[in-house]
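A.B. asks: Right, I'll just put the structure down here and ask away after.
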2 protein chains.
Amino acid sequence: MKIFFWLFFLLSFCLSNHVMAQSKNLNQSFAIAVHGGAGSLKTMNLSPEQEKAYKDTLALALQAGYNILKNGGTSVDAVQATINVLENSPLFNAGRGSVLTHKGTVEMDAAIMDGNTLKAGAVAGVRTIKNPISAARKILDSSKFILLSGKGAEEFATKHGLEIVDTSYFVTEFRKKQLEKIINSDTVVLDHTDTTGMILPGDNKEGDKFGTVGCVALDQFGNLAAGTSTGGLVNKKFNRIGDSPLIGCGTYANNKSCAISCTGKGEDFIRLVVAHDISSLMLYKHKSLKQASKKVIMEKLVEIGGRGGCICIDKKGNIEMPFNTEGMFRGSIDKKGKVEVMIY
Amino acid sequence: MKIFFWLFFLLSFCLSNHVMAQSKNLNQSFAIAVHGGAGSLKTMNLSPEQEKAYKDTLALALQAGYNILKNGGTSVDAVQATINVLENSPLFNAGRGSVLTHKGTVEMDAAIMDGNTLKAGAVAGVRTIKNPISAARKILDSSKFILLSGKGAEEFATKHGLEIVDTSYFVTEFRKKQLEKIINSDTVVLDHTDTTGMILPGDNKEGDKFGTVGCVALDQFGNLAAGTSTGGLVNKKFNRIGDSPLIGCGTYANNKSCAISCTGKGEDFIRLVVAHDISSLMLYKHKSLKQASKKVIMEKLVEIGGRGGCICIDKKGNIEMPFNTEGMFRGSIDKKGKVEVMIY
């Protein structure tokens, strides 16, 4: 009998250790944040119905990612799912709602990064991929490359079974009218929302409004991820690529510091390598997420005349969403499960 | 008479102040460094004649940039002039000597950054621009964008009077043979120099050899600049963009820290945002140029299996050229005017 007792004891010990090891892998905290662009949003004069439409879609997107996190899914999956919702909405400048280039086409950029492995995937200047963030994700998972562009990226997406749509899918009446207004000027409009269609006339000055969508998340395994997707600038030319698909500029994730997605005038975010700078201030100067993100968005970016904002999350699930513009479409579900969706 | 004396005294005082102010603007130290790719160069078994050809071209390129610096020119001009020499040589994987993609074309990337203004210009995936670094420079000077790609970048270059050449200009017998060897494999070769043509058979393993050219410089005004130009990977697909044209990854310059140009497997340099990381270690952790560049190239890059090197220069004119491969084509003219050109 004694031998059975000892065998039972040994088995129980091993089992409990196994369970403990598994639960150790699960971090209690998980959280998610989203943005849908920043800018002079007050001048857009959103009606209560329009505000509600934006907020409802942001909440829907957040919930899609949060459900994945809650069920023990990964932050990379959550980021992708959240961005897919926004890409499928015509309200935001990404996927379906992308703005038009000077030539009347769309050219979309997107990137996703896994803070655990530092692996990343990105696409630039794609015109027929329904969900650019899903193509970026496929690159992260199964390519030796990181950044694919134009027709090559579309070829990769087709080969990997991603949904390809006709270019007309992206060309909405709303965006056509928006482009018509400035096509003969040398202006680019940096907003995903302009003066026609769904929203009322507003300020049209260059640099005033910016569009892009993005998401950052912390999962129960303690892993961070970030993703960004955009149609870029209205009336953009020369196959311009912005900061969104550039790792370290518009998108960055590192378990040792934080995950970040930016929105604003891309060129200024590239000049300051904004996302990696926030991460570096945390890693090397031991700044908190709040201090680091405020320093870069509210001081350094302002110094060079850069406008926009970012969402970021650290390994403890702290969320910051600084912006130096009038408003930023944004929302979060924090580690306590508290849901917030805001514009101004 | 007294009044003349005082007038003379006043004039002398003003003049000497003016001269002092001018010389104050001139930093006594100026220096330049160049690279032409890194990798398992020993396995290339370069003949003495081949070694001489590489070294002579590097020295010629260095001298082109150094002359500009010596005559009071800017670091941005020096970087461009040096890289132009290497782009015009068939020896290096940039411009004329660019490797071929899977489709037998060239797709070149380049970037240039001004450490004084943090302004930058870059092109990705261009096929007909004779000197991609000159297009990047034109973007830096006269575009509101930073990164232009493909046909759009070529349109911009044409509009601005840059030299456009037929795609056949880039397709040398040497590169055709190089591609033929691996076109039916799923391999990419990361070197600008392979096993045919000018150089003898060597090790052909993926990841062993890398090609790119780059330059960093400090001018007499104390301003830093960095530039990189490349044909990317042999047999690359899907319009892949590497780290060279990405600000913060393969190219970065900031007067407050240093100027950097990288060479190696681009994807690993993107994952670590290598150039901006070196700069951040100096700015935020007060590391020296030597400590910061060694930390990133010899430790952090090695940890993720990344191979390659970089050249960098700080505001005092110190130069570092770390690499974790067998060799790196490189050279420098330091602040004392000492010329060095090395391979291993």
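Each chain in the structure tokens gets a letter, A, B, ..., in the order shown, and its residues are numbered from 1; ligands are numbered from 1 in order too.
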Only residues of chain B matter here; which ones have an atom within 6 Å of chain A, counting only C-alpha atoms? Give them as a short mmCIF file (atom, residue, chain, number, x, y, z; two decimals) with C-alpha atoms, in the first residue's frame.
C.D. replies:
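Saved the output as result-v8.cif:
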data_model
loop_
_atom_site.label_atom_id
_atom_site.label_comp_id
_atom_site.auth_asym_id
_atom_site.auth_seq_id
_atom_site.Cartn_x
_atom_site.Cartn_y
_atom_site.Cartn_z
CA LEU B 118 16.22 65.57 -39.70
CA LEU B 147 9.48 57.79 -49.29
CA LEU B 148 8.37 57.40 -52.92
CA SER B 149 8.14 54.02 -54.61
CA GLY B 152 5.65 57.03 -58.90
CA ALA B 153 9.21 57.62 -57.75
CA PHE B 238 6.92 40.39 -54.43
CA ASN B 239 8.44 43.89 -54.70
CA ARG B 240 10.18 43.38 -51.39
CA ILE B 241 11.57 46.55 -49.80
CA ARG B 271 13.11 44.21 -36.64
CA TYR B 284 19.50 58.20 -23.76
CA LYS B 285 22.11 55.88 -22.25
#
A.B. asks: I want to know what sits within 6 Å of Pro132 (chain A), based on only C-alpha atoms, with residues of the same chain fewer than 3 positions away left out; could you give that as an NGL selection string?
C.D. replies: :A and (110 or 129 or 135)
A.B. asks: Quick one: distance from CA of Gly115 (chain B) to CA of Ala38 (chain B) in Å, one decimal?
C.D. replies: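 That distance, rounded to one decimal, is 24.6 Å.
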A.B. asks: Following superposition of chain A onto chain B on all C-alpha atoms, paired in order, what is the C-alpha RMSD to one decimal in Å?
C.D. replies: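 Result of the CA superposition: 0.3 Å.
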A.B. asks: Pull the strand (DSSP E or B) assignments for region 28-182 of chain B out of DSSP run on the backbone, and list those residues as JSON, numbers by chain.
C.D. replies: {"B": [31, 32, 33, 34, 35, 36, 37, 38, 39, 108, 109, 110, 111, 112, 113, 114, 120, 121, 122, 123, 124, 125, 126, 129, 147, 148, 149, 164]}
A.B. asks: Residues of region 117-286 of chain A classed as helix (DSSP H, G or I) by DSSP on the backbone are to be reported as a PyMOL selection string.
C.D. replies: chain A and resi 132-142+150-159+167-169+173-182+266-271+274-285
A.B. asks: Compile the contact shell of region 215-231 of chain B as a ChimeraX atom specification: residues with an atom at most 7 Å away, counting only C-alpha atoms, same-chain residues fewer than 5 positions apart removed.
C.D. replies: /B:25-35,69,72,74-76,79,82-83,93-95,98-99,106-116,132-133,244,251-255,258-261,312-313,315,317
A.B. asks: Could you give me, as a PyMOL selection string, the residues within 10 Å of Gln291 (chain B), counting only C-alpha atoms and dropping anything in the same chain fewer than 3 positions from it?
C.D. replies: chain B and resi 278+281-282+286-288+294-296+320
A.B. asks: Skipping near chain neighbours, those fewer than 4 positions away, what residues fall within 7 Å of Leu179 (chain A) using only C-alpha atoms, listed as a list in words?
C.D. replies: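 Neighbouring residues, sequence-local ones excluded: Leu100, Arg175, Ile183, Val234 and Asn235 of chain A.
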A.B. asks: For region 57-63 of chain A, list every protein, DNA or RNA residue within 12 Å, evaluated using only C-alpha atoms, and leave out those in the same chain fewer than 5 positions away; present the list as a PyMOL selection string.
C.D. replies: chain A and resi 31-37+50-52+68-70+78-92+213-217+328-334+337-343
A.B. asks: In Å to one decimal, how far is CA of Leu162 (chain A) from CA of Pro245 (chain B)?
C.D. replies: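 Computing the Euclidean distance for CA of Pro245 (chain B) and CA of Leu162 (chain A) yields 27.5 Å.
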